[in-house]
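Structure first, commentary second.
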Amino acid sequence: MGCAYCSRKEKLTKEHIIPDSLLDIFAECDFTIRGNSYFKADPIIKDVCFKCNNEILSKLDNYGSNLIKKYFINEYEPDARLNIDYDYRLLSRWLLKIAYNGERSFKRNTELFKPYLDYIMGSTEENPRISLFAGLAIDTSPMPEYYHDNIKLQVITAPKFVGETILEPTDAFETSFRIRKNMNGLNISELKESFLFRFGSVIFLLLLWKDNSDLELVNSFEWIIENMYPYKLLNQEEREQTEIKRVTHAFNIHALVLIDTDIGMDFADRCSIGMFQGKDPIDIRKSLSLGWDEHVKEKRLKALENRKNIK
């Protein structure tokens with residue numbers, strides 16, 4: 001079997017699905033979750049040659065992990081606005097690489113990535129037909145994180161853009177809400193596949209467009225997503241800065257497969273606050289998480305010491 005990236009029939013090495021640098025940063029995440037499947041401890045695949053793994057892909061991992069360490073280790077307040085600097089080319093290549101690794105591990109969608117391999121490896125200057133969005137993952141729920149496993153690191157295939165809202169009002173004055181029974185998705189006709197990544201307090205959305213997609217339609221869908229949903233479209237200029245905001249609420253922070261609209265965000269925030277009669281649900285979660293927070297701090301300090309010892 002040849003290398004999954006260059007096809008050379010050389011000795012194959014181990015490649016991490018979730019980069020090990022991120023597993024070190026978020027040391028409390030002993031596993032990551034993708035749908036109903038779990039990556040235990042240190043998930044790897046073994047189909048990448050030494051040259052690709054260590055000379056090219058490792059540089060992408062270094063860029064990605066440094067970006068996460070710079071901006072997305074800390075938790076942010078619900079109304080936060082964060083300015084980030086990013087290199088579109090490096091970021092999109094890194095995310096494509098992670099998505100490709102994950103799909104190979106499940107033995108699905110592997111042919112999908114063949115048109116993107118030259119771009120991932122940096123051997124072409126042409127940008128593929130993809131779109132990249134970003135936003136902040138902020139927990140506004142009252143439930144401690146450990147109730148929902150460790151989900152600071154996730155890769156989700158085919159997340160669902162909710163066409164209306166996750167919650168719907170039960171009265172004309174929008175004072176009470178319920179989960180919408182028929183949650184239709186947004187019909188994105190030009191979409192080939194999509195991926196959602198959560199790394200700490202950031203979420204990236206990667207959309208792969210059909211090879212023969214109508215560019216005007218693609219631009220229309222980008223406009224719809226950026227104006228109906230809280231995500232920010234990242235510019236394909238090589239170096240850019242942009243401002244991102246919260247894209248999660250109390251009802252989807254632990255179910256990121258559901259992407260809610262701006263209106264849905266408002267409904268969820270009002271519902272979450274109203275459920276606790278004046279008590280802030282975030283304060284409730286923080287008070288219940290004191291022991292967990294100490295555990296996280298200890299695990300991360302231990303991982304940092306281990307990294308220093310290895311160096």
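For the structure tokens, the naming scheme is as follows: chains receive sequential letters (A, B, ...) according to their order of presentation, residues are indexed from 1 within each chain, and ligands are indexed from 1 in presentation order.
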Counting only C-alpha atoms, which residues in region 174-200 of chain A sit no more than 9 Å from region 247-269 of chain A? For each one, give the nearest pair of atoms and the distance in Å, sorted by chain then residue number, as JSON lines.
{"residue": "A:Glu174", "atom": "CA", "partner": "A:Phe267", "partner_atom": "CA", "distance": 8.1}
{"residue": "A:Phe177", "atom": "CA", "partner": "A:Phe267", "partner_atom": "CA", "distance": 7.6}
{"residue": "A:Leu196", "atom": "CA", "partner": "A:Val257", "partner_atom": "CA", "distance": 7.8}
{"residue": "A:Arg198", "atom": "CA", "partner": "A:Leu256", "partner_atom": "CA", "distance": 8.7}
Any chance you could export the current selection's N, CA and C atoms as a tab-separated table (two decimals), in the first residue's frame?
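Output saved as part-v8.tsv:
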chain	number	residue	atom	x	y	z
A	174	GLU	N	-43.49	34.94	22.48
A	174	GLU	CA	-42.16	34.32	22.55
A	174	GLU	C	-41.60	34.37	23.96
A	177	PHE	N	-40.70	28.26	25.12
A	177	PHE	CA	-40.18	27.60	23.92
A	177	PHE	C	-40.19	26.09	24.10
A	196	LEU	N	-17.16	19.90	10.52
A	196	LEU	CA	-17.09	20.83	11.65
A	196	LEU	C	-15.97	20.37	12.58
A	198	ARG	N	-14.08	21.29	16.31
A	198	ARG	CA	-13.98	22.08	17.53
A	198	ARG	C	-12.63	21.81	18.17
Checklist entry - Using only C-alpha atoms, which residues sit within 9 Å of Lys232 (chain A) once same-chain residues fewer than 2 positions away are excluded, as a VMD selection string? => result chain A and resid 132 to 135 225 to 227 229 to 230 234 242 to 245
Using only C-alpha atoms, determine which residues lie at most 8 Å from Ile284 (chain A), disregarding the query and same-chain residues fewer than 5 positions distant; provide the list as an mmCIF file with C-alpha atoms, in the first residue's frame.
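Everything below was put into selection-v7.cif:
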data_model
loop_
_atom_site.group_PDB
_atom_site.id
_atom_site.type_symbol
_atom_site.label_atom_id
_atom_site.label_comp_id
_atom_site.auth_asym_id
_atom_site.auth_seq_id
_atom_site.Cartn_x
_atom_site.Cartn_y
_atom_site.Cartn_z
ATOM 1 C CA PRO A 142 -25.840 25.063 33.403
ATOM 2 C CA MET A 143 -24.399 21.542 33.016
ATOM 3 C CA LYS A 279 -30.062 32.715 38.204
#
Checklist entry - Which polymer residues have any atom within 7 Å of an atom of Thr13 (chain A), counting only C-alpha atoms, with same-chain residues fewer than 2 positions away left out, as a ChimeraX atom specification? => result /A:11,15,46-50
Next on the checklist: Going by DSSP on the backbone, which residues of region 42-168 of chain A come out as strand (DSSP E)? List them as JSON, numbers by chain.
Outcome noted: {"A": [44, 45, 46, 47, 48, 49, 81, 82, 83, 84, 85, 86, 87, 130, 131, 132, 133, 134, 135, 136, 153, 154, 155, 156, 157, 160, 161, 167, 168]}
Checklist entry - Of the candidates A:Asn187, A:Thr110, A:Ser131, A:Ser7, which shows the shortest atom-to-atom distance to Cys52 (chain A), using only C-alpha atoms? => result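 When distances to Cys52 (chain A) are compared using only C-alpha atoms, the smallest one comes from A:Ser7.
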Checklist entry - Which residues, written as a PyMOL selection string, have at least one atom at most 6 Å from region 207-216 of chain A, with only C-alpha atoms counted and residues fewer than 6 positions away on the same chain left out? => result chain A and resi 129-131+190-194
Next on the checklist: Excluding Gly102 (chain A) and its own-chain neighbours fewer than 6 positions away, which residues fall within 9 Å of it when counting only C-alpha atoms? Please give them as a VMD selection string.
Outcome noted: chain A and resid 17 to 18 45 108 155
Item to check | All alpha helix (DSSP H) residues (DSSP, backbone) inside region 62-262 of chain A, as a PyMOL selection string | outcome: chain A and resi 62-71+88-105+117-120+215-228+262
Residues of the last selection are to be written out with N, CA and C atoms, as a compact mmCIF listing (two decimals), in the first residue's frame.
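Contents of the output file again_15.txt:
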# COMPACT_ATOMS: atom_id res chain seq x y z
N ASN A 62 2.03 22.16 13.26
CA ASN A 62 2.66 23.21 14.06
C ASN A 62 1.91 24.53 13.92
N TYR A 63 1.54 24.85 12.69
CA TYR A 63 0.78 26.09 12.48
C TYR A 63 -0.55 26.04 13.23
N GLY A 64 -1.29 24.94 13.06
CA GLY A 64 -2.60 24.83 13.68
C GLY A 64 -2.55 24.86 15.19
N SER A 65 -1.62 24.11 15.78
CA SER A 65 -1.54 24.07 17.24
C SER A 65 -1.11 25.42 17.81
N ASN A 66 -0.23 26.14 17.10
CA ASN A 66 0.17 27.47 17.57
C ASN A 66 -1.00 28.46 17.49
N LEU A 67 -1.83 28.33 16.46
CA LEU A 67 -3.01 29.18 16.35
C LEU A 67 -3.97 28.91 17.51
N ILE A 68 -4.17 27.64 17.83
CA ILE A 68 -5.07 27.27 18.93
C ILE A 68 -4.50 27.78 20.26
N LYS A 69 -3.20 27.59 20.48
CA LYS A 69 -2.58 28.04 21.73
C LYS A 69 -2.65 29.56 21.88
N LYS A 70 -2.57 30.26 20.77
CA LYS A 70 -2.58 31.72 20.82
C LYS A 70 -3.95 32.27 21.20
N TYR A 71 -5.02 31.65 20.68
CA TYR A 71 -6.35 32.26 20.83
C TYR A 71 -7.37 31.41 21.58
N TYR A 88 -4.87 31.93 5.71
CA TYR A 88 -5.95 31.11 5.14
C TYR A 88 -5.41 29.82 4.52
N ARG A 89 -4.35 29.94 3.79
CA ARG A 89 -3.83 28.77 3.08
C ARG A 89 -3.38 27.69 4.06
N LEU A 90 -2.60 28.06 5.07
CA LEU A 90 -2.13 27.08 6.04
C LEU A 90 -3.30 26.50 6.85
N LEU A 91 -4.23 27.37 7.25
CA LEU A 91 -5.36 26.90 8.05
C LEU A 91 -6.23 25.94 7.26
N SER A 92 -6.57 26.27 6.03
CA SER A 92 -7.44 25.40 5.24
C SER A 92 -6.75 24.09 4.88
N ARG A 93 -5.46 24.13 4.61
CA ARG A 93 -4.72 22.88 4.34
C ARG A 93 -4.71 21.99 5.57
N TRP A 94 -4.51 22.60 6.74
CA TRP A 94 -4.49 21.83 8.00
C TRP A 94 -5.84 21.17 8.26
N LEU A 95 -6.92 21.90 8.09
CA LEU A 95 -8.25 21.34 8.34
C LEU A 95 -8.60 20.25 7.32
N LEU A 96 -8.24 20.45 6.07
CA LEU A 96 -8.46 19.42 5.07
C LEU A 96 -7.69 18.15 5.43
N LYS A 97 -6.48 18.32 5.92
CA LYS A 97 -5.66 17.17 6.31
C LYS A 97 -6.31 16.39 7.44
N ILE A 98 -6.82 17.10 8.45
CA ILE A 98 -7.48 16.44 9.58
C ILE A 98 -8.74 15.72 9.13
N ALA A 99 -9.53 16.38 8.27
CA ALA A 99 -10.74 15.74 7.76
C ALA A 99 -10.41 14.48 6.97
N TYR A 100 -9.40 14.56 6.14
CA TYR A 100 -8.96 13.41 5.34
C TYR A 100 -8.50 12.27 6.25
N ASN A 101 -7.72 12.59 7.26
CA ASN A 101 -7.28 11.55 8.21
C ASN A 101 -8.47 10.86 8.87
N GLY A 102 -9.44 11.67 9.29
CA GLY A 102 -10.59 11.11 9.96
C GLY A 102 -11.42 10.22 9.05
N GLU A 103 -11.62 10.66 7.82
CA GLU A 103 -12.41 9.86 6.89
C GLU A 103 -11.72 8.54 6.56
N ARG A 104 -10.40 8.56 6.44
CA ARG A 104 -9.68 7.30 6.19
C ARG A 104 -9.80 6.35 7.37
N SER A 105 -9.81 6.90 8.56
CA SER A 105 -9.92 6.03 9.75
C SER A 105 -11.24 5.29 9.77
N LEU A 117 -5.42 16.77 -2.60
CA LEU A 117 -4.13 16.33 -2.07
C LEU A 117 -2.99 17.27 -2.44
N ASP A 118 -2.95 17.74 -3.68
CA ASP A 118 -1.89 18.67 -4.08
C ASP A 118 -1.95 19.95 -3.24
N TYR A 119 -3.16 20.40 -2.97
CA TYR A 119 -3.32 21.62 -2.16
C TYR A 119 -2.86 21.38 -0.73
N ILE A 120 -3.27 20.24 -0.14
CA ILE A 120 -2.85 19.92 1.22
C ILE A 120 -1.33 19.87 1.31
N LEU A 215 -20.56 29.07 -9.44
CA LEU A 215 -19.88 29.98 -8.51
C LEU A 215 -20.81 31.04 -7.96
N GLU A 216 -21.76 31.47 -8.75
CA GLU A 216 -22.72 32.46 -8.25
C GLU A 216 -23.60 31.84 -7.15
N LEU A 217 -23.98 30.58 -7.33
CA LEU A 217 -24.76 29.90 -6.30
C LEU A 217 -23.93 29.69 -5.05
N VAL A 218 -22.65 29.33 -5.23
CA VAL A 218 -21.75 29.16 -4.08
C VAL A 218 -21.66 30.46 -3.30
N ASN A 219 -21.48 31.57 -4.01
CA ASN A 219 -21.42 32.88 -3.34
C ASN A 219 -22.71 33.19 -2.61
N SER A 220 -23.84 32.79 -3.21
CA SER A 220 -25.13 33.01 -2.56
C SER A 220 -25.25 32.21 -1.27
N PHE A 221 -24.79 30.95 -1.30
CA PHE A 221 -24.85 30.13 -0.09
C PHE A 221 -23.92 30.67 0.99
N GLU A 222 -22.75 31.16 0.57
CA GLU A 222 -21.85 31.78 1.55
C GLU A 222 -22.53 32.97 2.20
N TRP A 223 -23.20 33.79 1.40
CA TRP A 223 -23.90 34.96 1.93
C TRP A 223 -25.00 34.54 2.89
N ILE A 224 -25.77 33.51 2.52
CA ILE A 224 -26.86 33.03 3.37
C ILE A 224 -26.31 32.55 4.71
N ILE A 225 -25.24 31.76 4.67
CA ILE A 225 -24.68 31.22 5.92
C ILE A 225 -24.16 32.34 6.81
N GLU A 226 -23.47 33.32 6.21
CA GLU A 226 -22.89 34.39 7.02
C GLU A 226 -23.95 35.34 7.55
N ASN A 227 -25.09 35.44 6.89
CA ASN A 227 -26.12 36.38 7.32
C ASN A 227 -27.27 35.74 8.09
N MET A 228 -27.46 34.44 7.96
CA MET A 228 -28.50 33.74 8.72
C MET A 228 -27.97 33.07 9.97
N ASP A 262 -29.14 32.67 13.67
CA ASP A 262 -29.05 33.81 14.59
C ASP A 262 -30.32 33.92 15.42
